[in-house]
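Peer 1: This one is entry_23.tsv, TSV, C-alpha atoms.
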```
chain	number	residue	atom	x	y	z
G	948	MET	CA	174.41	132.88	314.36
G	949	ARG	CA	173.16	134.98	311.46
G	950	ILE	CA	169.58	135.10	310.18
G	951	LEU	CA	169.57	135.14	306.38
G	952	ALA	CA	165.85	135.47	305.72
G	953	ILE	CA	162.46	135.65	307.40
G	954	GLU	CA	159.22	134.93	305.56
G	955	HIS	CA	155.63	134.41	306.59
G	956	ALA	CA	152.25	133.42	305.22
G	957	VAL	CA	148.71	133.84	306.47
G	958	PRO	CA	145.45	132.46	305.15
G	959	ASP	CA	143.25	134.84	303.17
G	960	THR	CA	140.11	134.24	305.23
G	961	ARG	CA	139.69	136.67	308.15
G	962	LEU	CA	137.40	136.07	311.09
G	963	LEU	CA	136.50	139.18	313.11
G	964	ASN	CA	135.90	139.20	316.87
G	965	ASP	CA	132.16	139.81	316.53
G	966	GLU	CA	131.90	136.81	314.20
G	967	VAL	CA	133.68	134.59	316.74
G	968	VAL	CA	131.39	135.71	319.57
G	969	ALA	CA	128.29	135.21	317.40
G	970	ARG	CA	129.36	131.70	316.39
G	971	VAL	CA	130.13	130.70	319.98
G	972	VAL	CA	126.78	132.03	321.19
G	973	ALA	CA	124.87	130.31	318.37
G	974	ALA	CA	126.61	126.97	318.92
G	975	SER	CA	126.21	127.12	322.70
G	976	ARG	CA	122.46	127.86	322.82
G	977	GLU	CA	121.68	124.19	323.49
G	978	THR	CA	124.07	123.93	326.43
G	979	LEU	CA	123.88	127.36	328.11
G	980	THR	CA	121.13	129.62	329.43
G	981	ALA	CA	120.61	133.16	328.14
G	982	PRO	CA	122.43	134.72	331.16
G	983	GLU	CA	125.31	132.26	330.69
G	984	LEU	CA	125.53	133.13	326.99
G	985	ALA	CA	125.72	136.81	327.94
G	986	ARG	CA	128.60	136.03	330.37
G	987	ILE	CA	130.44	134.05	327.69
G	988	SER	CA	129.94	136.83	325.15
G	989	SER	CA	131.19	139.45	327.62
G	990	HIS	CA	134.19	137.32	328.63
G	991	LEU	CA	135.28	136.79	325.02
G	992	SER	CA	134.81	140.46	324.13
G	993	LYS	CA	136.94	141.52	327.12
G	994	LEU	CA	139.57	138.91	326.26
G	995	PHE	CA	139.83	140.16	322.69
G	996	THR	CA	139.99	143.80	323.81
G	997	SER	CA	142.69	143.08	326.42
G	998	THR	CA	144.88	141.30	323.86
G	999	GLY	CA	144.34	143.88	321.12
G	1000	LEU	CA	143.02	141.17	318.84
G	1001	ARG	CA	140.62	142.35	316.14
G	1002	ALA	CA	140.69	139.49	313.65
G	1003	ARG	CA	142.36	136.17	313.07
G	1004	HIS	CA	143.27	134.56	309.76
G	1005	VAL	CA	141.83	131.08	309.45
G	1006	THR	CA	142.30	128.14	307.15
G	1007	ASP	CA	139.46	126.76	305.14
G	1008	HIS	CA	138.97	123.89	302.73
G	1009	ARG	CA	141.06	125.65	300.07
G	1010	CYS	CA	144.02	126.58	302.28
G	1011	ARG	CA	146.13	123.84	303.89
G	1012	PRO	CA	148.58	124.71	306.69
G	1013	ILE	CA	151.37	122.64	305.09
G	1014	ASP	CA	151.06	124.70	301.90
G	1015	LEU	CA	151.40	127.92	303.90
G	1016	VAL	CA	154.50	126.82	305.81
G	1017	ALA	CA	156.16	125.17	302.81
G	1018	GLY	CA	155.56	128.26	300.68
G	1019	ALA	CA	157.04	130.57	303.31
G	1020	ALA	CA	160.01	128.23	303.78
G	1021	ALA	CA	160.66	128.07	300.03
G	1022	ARG	CA	160.54	131.87	299.81
G	1023	ALA	CA	162.95	132.15	302.75
G	1024	LEU	CA	165.40	129.78	301.08
G	1025	LYS	CA	165.18	131.70	297.82
G	1026	SER	CA	165.61	135.03	299.60
G	1027	ALA	CA	168.71	133.65	301.36
G	1028	GLY	CA	170.13	132.33	298.08
G	1029	LEU	CA	169.90	128.73	299.29
G	1030	SER	CA	168.31	125.51	298.15
G	1031	ALA	CA	166.76	122.81	300.30
G	1032	GLY	CA	169.89	120.72	299.70
G	1033	ASP	CA	172.01	123.36	301.46
G	1034	LEU	CA	170.27	122.75	304.77
G	1035	ASP	CA	171.90	120.86	307.63
G	1036	PHE	CA	168.69	120.72	309.68
G	1037	ILE	CA	165.03	121.71	309.75
G	1038	ILE	CA	163.37	122.46	313.06
G	1039	TYR	CA	159.63	122.94	313.53
G	1040	GLY	CA	159.05	125.02	316.65
G	1041	GLY	CA	155.41	125.51	317.46
G	1042	VAL	CA	152.34	124.59	319.44
G	1043	ALA	CA	150.05	123.41	316.65
G	1044	ARG	CA	150.63	119.84	315.52
G	1045	GLY	CA	149.55	118.80	312.08
G	1046	PHE	CA	151.51	115.55	312.35
G	1047	LEU	CA	152.64	113.51	315.33
G	1048	VAL	CA	154.43	110.89	313.26
G	1049	PRO	CA	156.25	111.81	311.16
G	1050	SER	CA	157.11	115.13	312.75
G	1051	CYS	CA	155.82	118.44	311.42
G	1052	ALA	CA	159.41	119.22	310.41
G	1053	SER	CA	159.45	116.01	308.36
G	1054	ALA	CA	156.34	117.15	306.51
G	1055	VAL	CA	158.10	120.43	305.67
G	1056	GLN	CA	161.22	118.48	304.68
G	1057	HIS	CA	159.16	116.41	302.26
G	1058	ALA	CA	157.32	119.44	300.86
G	1059	LEU	CA	160.63	121.21	300.18
G	1060	GLY	CA	162.25	118.13	298.64
G	1061	ALA	CA	164.95	118.18	301.32
G	1062	SER	CA	165.43	114.41	301.44
G	1063	GLY	CA	168.01	113.33	303.99
G	1064	VAL	CA	168.06	116.61	305.90
G	1065	PRO	CA	167.67	115.93	309.65
G	1066	SER	CA	164.28	117.28	310.70
G	1067	PHE	CA	162.56	117.34	314.07
G	1068	ASP	CA	160.06	119.21	316.20
G	1069	VAL	CA	160.72	121.28	319.32
G	1070	LEU	CA	157.57	121.63	321.37
G	1071	ASP	CA	157.52	123.95	324.37
G	1072	ALA	CA	154.14	125.66	324.13
G	1073	CYS	CA	154.44	129.37	323.34
G	1074	ALA	CA	158.21	129.27	323.88
G	1075	SER	CA	158.74	126.70	321.11
G	1076	TRP	CA	160.24	129.16	318.63
G	1077	ALA	CA	162.68	130.44	321.28
G	1078	ARG	CA	163.72	126.85	322.15
G	1079	ALA	CA	164.13	126.10	318.44
G	1080	MET	CA	166.47	129.09	318.17
G	1081	GLN	CA	168.47	127.81	321.16
G	1082	VAL	CA	168.81	124.35	319.63
G	1083	ALA	CA	169.82	125.83	316.27
G	1084	HIS	CA	172.38	128.07	317.98
G	1085	SER	CA	173.87	125.03	319.71
G	1086	PHE	CA	174.22	123.17	316.40
G	1087	LEU	CA	175.83	126.18	314.73
G	1088	ALA	CA	178.11	127.13	317.64
G	1089	GLY	CA	179.17	123.52	318.11
G	1090	GLY	CA	180.14	123.18	314.46
G	1091	SER	CA	177.83	120.27	313.71
G	1092	ALA	CA	175.85	122.42	311.25
G	1093	GLU	CA	176.28	125.53	309.15
G	1094	THR	CA	172.82	126.21	307.77
G	1095	GLY	CA	169.40	125.49	309.19
G	1096	LEU	CA	165.77	126.32	308.75
G	1097	ILE	CA	163.33	126.98	311.58
G	1098	VAL	CA	159.65	126.86	310.69
G	1099	ASN	CA	156.40	127.30	312.55
G	1100	CYS	CA	152.80	126.85	311.50
G	1101	GLU	CA	150.31	128.01	314.08
G	1102	CYS	CA	147.10	127.15	312.29
G	1103	GLY	CA	145.13	126.34	315.39
G	1104	PHE	CA	141.70	127.52	314.32
G	1105	TYR	CA	139.81	125.52	311.73
G	1106	ASP	CA	136.34	126.53	310.65
G	1107	ASP	CA	135.23	122.98	309.96
G	1108	TYR	CA	135.72	121.55	313.45
G	1109	ASP	CA	133.21	121.49	316.30
G	1110	VAL	CA	135.05	124.23	318.15
G	1111	TRP	CA	132.32	126.76	318.75
G	1112	ARG	CA	130.24	125.10	321.48
G	1113	ILE	CA	130.88	125.93	325.12
G	1114	ARG	CA	129.28	123.30	327.33
G	1115	ALA	CA	129.64	125.06	330.70
G	1116	VAL	CA	130.42	128.65	331.68
G	1117	SER	CA	133.49	127.44	333.60
G	1118	ASP	CA	134.92	126.03	330.36
G	1119	ILE	CA	135.55	129.52	329.00
G	1120	GLU	CA	138.47	129.93	331.43
G	1121	THR	CA	140.33	127.03	329.81
G	1122	GLU	CA	138.94	127.25	326.27
G	1123	GLY	CA	138.72	131.04	325.81
G	1124	GLY	CA	142.31	131.39	324.66
G	1125	PHE	CA	141.57	129.06	321.76
G	1126	PHE	CA	139.39	131.75	320.19
G	1127	THR	CA	142.35	134.13	319.99
G	1128	LEU	CA	144.22	131.83	317.62
G	1129	GLY	CA	144.34	132.08	313.86
```
Any chance you could give the structure as structure tokens?

Peer 2:
Amino acid sequence: MRILAIEHAVPDTRLLNDEVVARVVAASRETLTAPELARISSHLSKLFTSTGLRARHVTDHRCRPIDLVAGAAARALKSAGLSAGDLDFIIYGGVARGFLVPSCASAVQHALGASGVPSFDVLDACASWARAMQVAHSFLAGGSAETGLIVNCECGFYDDYDVWRIRAVSDIETEGGFFTLG
């Protein structure tokens, strides 16, 4: 297996750690006490420090995730000297799901104009991209394909959703990781 090109895209809007903490605290004032808000704020700050996270790039009403992934995929094809018609498969390997049916890979297929190219999703949480590479390797090694495209679009943090409110201090253990995403 040989990788011909790697491209990426990120939204322009950046959200800093202090902004995330401030938004969570503001949105949670109706559901948590002042001491609980202080615990939530401290927990998030420690989480961000331990991961090395300073900012996350977030989508807004001007930036659609499908445009980001399709643009990066088109640049990768161009960089590799390929067209969408040269592909034998498209695999979306990621956690975030913009589409359940059709698959996220099918949305990329459509955006690239790759009609008829087999496209499917591989979902295995944070290991999705590694599983997608394994599946692609199997296709290539088995001779059923010569050229494929693996895409991912982890746009898990949208500013326009009701994501800021924490309803109970215990929720931060399961929901805290969400605030690390961009």

Peer 1: Measuring between all atoms listed in the file, which one of G:Val1048, G:Leu991, G:Leu1096, G:Leu1087 shows the shortest distance to G:Leu951?

Peer 2: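 Distance minimum relative to G:Leu951 lands on G:Leu1096.
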
Peer 1: Hey, which of G:Asp1007, G:Asp965, G:Glu983, G:Asp1035 ends up closest to G:Phe1086? Count all atoms listed in the file.

Peer 2: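 Closest residue, counting all atoms listed in the file: G:Asp1035.
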
Peer 1: How far is it from atom CA of G:Ala1083 to atom CA of G:Leu1034, in Å with one decimal?

Peer 2: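 Those two atoms sit 11.9 Å apart.
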
Peer 1: Would you compute the distance between atom CA of G:Arg961 and atom CA of G:Arg1003? Give it in Å to one decimal.

Peer 2: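 Computing it gives 5.6 Å between the two atoms.
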
Peer 1: Can you work out which one of G:Met948, G:Thr1121, G:Arg1078, G:Ser988 has the shortest atom-to-atom distance to G:Gly1090, counting all atoms listed in the file?

Peer 2: G:Met948

Peer 1: Find the residue from G:Glu966, G:Ala1017, G:His1004, G:Gly1089 that sits nearest to G:Ser992; use only C-alpha atoms when measuring.

Peer 2: G:Glu966

Peer 1: Can you measure atom CA of G:Gly1095 to atom CA of G:Ile1038 for me? One decimal in Å is fine.

Peer 2: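 According to the coordinates, atom CA of G:Gly1095 and atom CA of G:Ile1038 are separated by 7.8 Å.
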
Peer 1: Hey, which of G:Ala1023, G:Ala969, G:Ala1052, G:Leu994 ends up closest to G:Gly1124? Count all atoms listed in the file.

Peer 2: G:Leu994

Peer 1: Using all atoms listed in the file for the distances, tell me which of G:Val1064, G:Val1116, G:Ala1074, G:Cys1100 is nearest to G:Arg976.

Peer 2: G:Val1116

Peer 1: Could you give me, as a PyMOL selection string, the residues within 9 Å of G:Ile1013, counting all atoms listed in the file and dropping anything in the same chain fewer than 3 positions from it?

Peer 2: chain G and resi 1010+1016-1018+1045+1051+1054-1055+1058+1100

Peer 1: Take the point (159.7, 126.6, 298.2) in the file's coordinates, draw a sphere of radius 12 Å around it, and report as a list of chain:residue names every protein, DNA or RNA residue with an atom inside or on it, counting only C-alpha atoms.

Peer 2: G:Glu954, G:Ile1013, G:Asp1014, G:Leu1015, G:Val1016, G:Ala1017, G:Gly1018, G:Ala1019, G:Ala1020, G:Ala1021, G:Arg1022, G:Ala1023, G:Leu1024, G:Lys1025, G:Ser1026, G:Ala1027, G:Gly1028, G:Leu1029, G:Ser1030, G:Ala1031, G:Gly1032, G:Val1055, G:Gln1056, G:His1057, G:Ala1058, G:Leu1059, G:Gly1060, G:Ala1061

Peer 1: Would you mind exporting C-alpha atoms of the selected residues as an mmCIF file, keeping the file's coordinate frame?

Peer 2:
```cif
data_model
loop_
_atom_site.group_PDB
_atom_site.id
_atom_site.type_symbol
_atom_site.label_atom_id
_atom_site.label_comp_id
_atom_site.auth_asym_id
_atom_site.auth_seq_id
_atom_site.Cartn_x
_atom_site.Cartn_y
_atom_site.Cartn_z
ATOM 1 C CA GLU G 954 159.220 134.930 305.560
ATOM 2 C CA ILE G 1013 151.370 122.640 305.090
ATOM 3 C CA ASP G 1014 151.060 124.700 301.900
ATOM 4 C CA LEU G 1015 151.400 127.920 303.900
ATOM 5 C CA VAL G 1016 154.500 126.820 305.810
ATOM 6 C CA ALA G 1017 156.160 125.170 302.810
ATOM 7 C CA GLY G 1018 155.560 128.260 300.680
ATOM 8 C CA ALA G 1019 157.040 130.570 303.310
ATOM 9 C CA ALA G 1020 160.010 128.230 303.780
ATOM 10 C CA ALA G 1021 160.660 128.070 300.030
ATOM 11 C CA ARG G 1022 160.540 131.870 299.810
ATOM 12 C CA ALA G 1023 162.950 132.150 302.750
ATOM 13 C CA LEU G 1024 165.400 129.780 301.080
ATOM 14 C CA LYS G 1025 165.180 131.700 297.820
ATOM 15 C CA SER G 1026 165.610 135.030 299.600
ATOM 16 C CA ALA G 1027 168.710 133.650 301.360
ATOM 17 C CA GLY G 1028 170.130 132.330 298.080
ATOM 18 C CA LEU G 1029 169.900 128.730 299.290
ATOM 19 C CA SER G 1030 168.310 125.510 298.150
ATOM 20 C CA ALA G 1031 166.760 122.810 300.300
ATOM 21 C CA GLY G 1032 169.890 120.720 299.700
ATOM 22 C CA VAL G 1055 158.100 120.430 305.670
ATOM 23 C CA GLN G 1056 161.220 118.480 304.680
ATOM 24 C CA HIS G 1057 159.160 116.410 302.260
ATOM 25 C CA ALA G 1058 157.320 119.440 300.860
ATOM 26 C CA LEU G 1059 160.630 121.210 300.180
ATOM 27 C CA GLY G 1060 162.250 118.130 298.640
ATOM 28 C CA ALA G 1061 164.950 118.180 301.320
#
```

Peer 1: Compute the distance from (129.4, 125.2, 316.4) to each atom, counting only C-alpha atoms, keep the residues with any atom at most 8 Å away, and return them as a list in words; use the coordinates of the file.

Peer 2: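 Counting only C-alpha atoms, I find these residues within 8 Å of (129.4, 125.2, 316.4): Arg970, Val971, Ala973, Ala974, Ser975, Tyr1108, Asp1109, Val1110, Trp1111 and Arg1112 of chain G.
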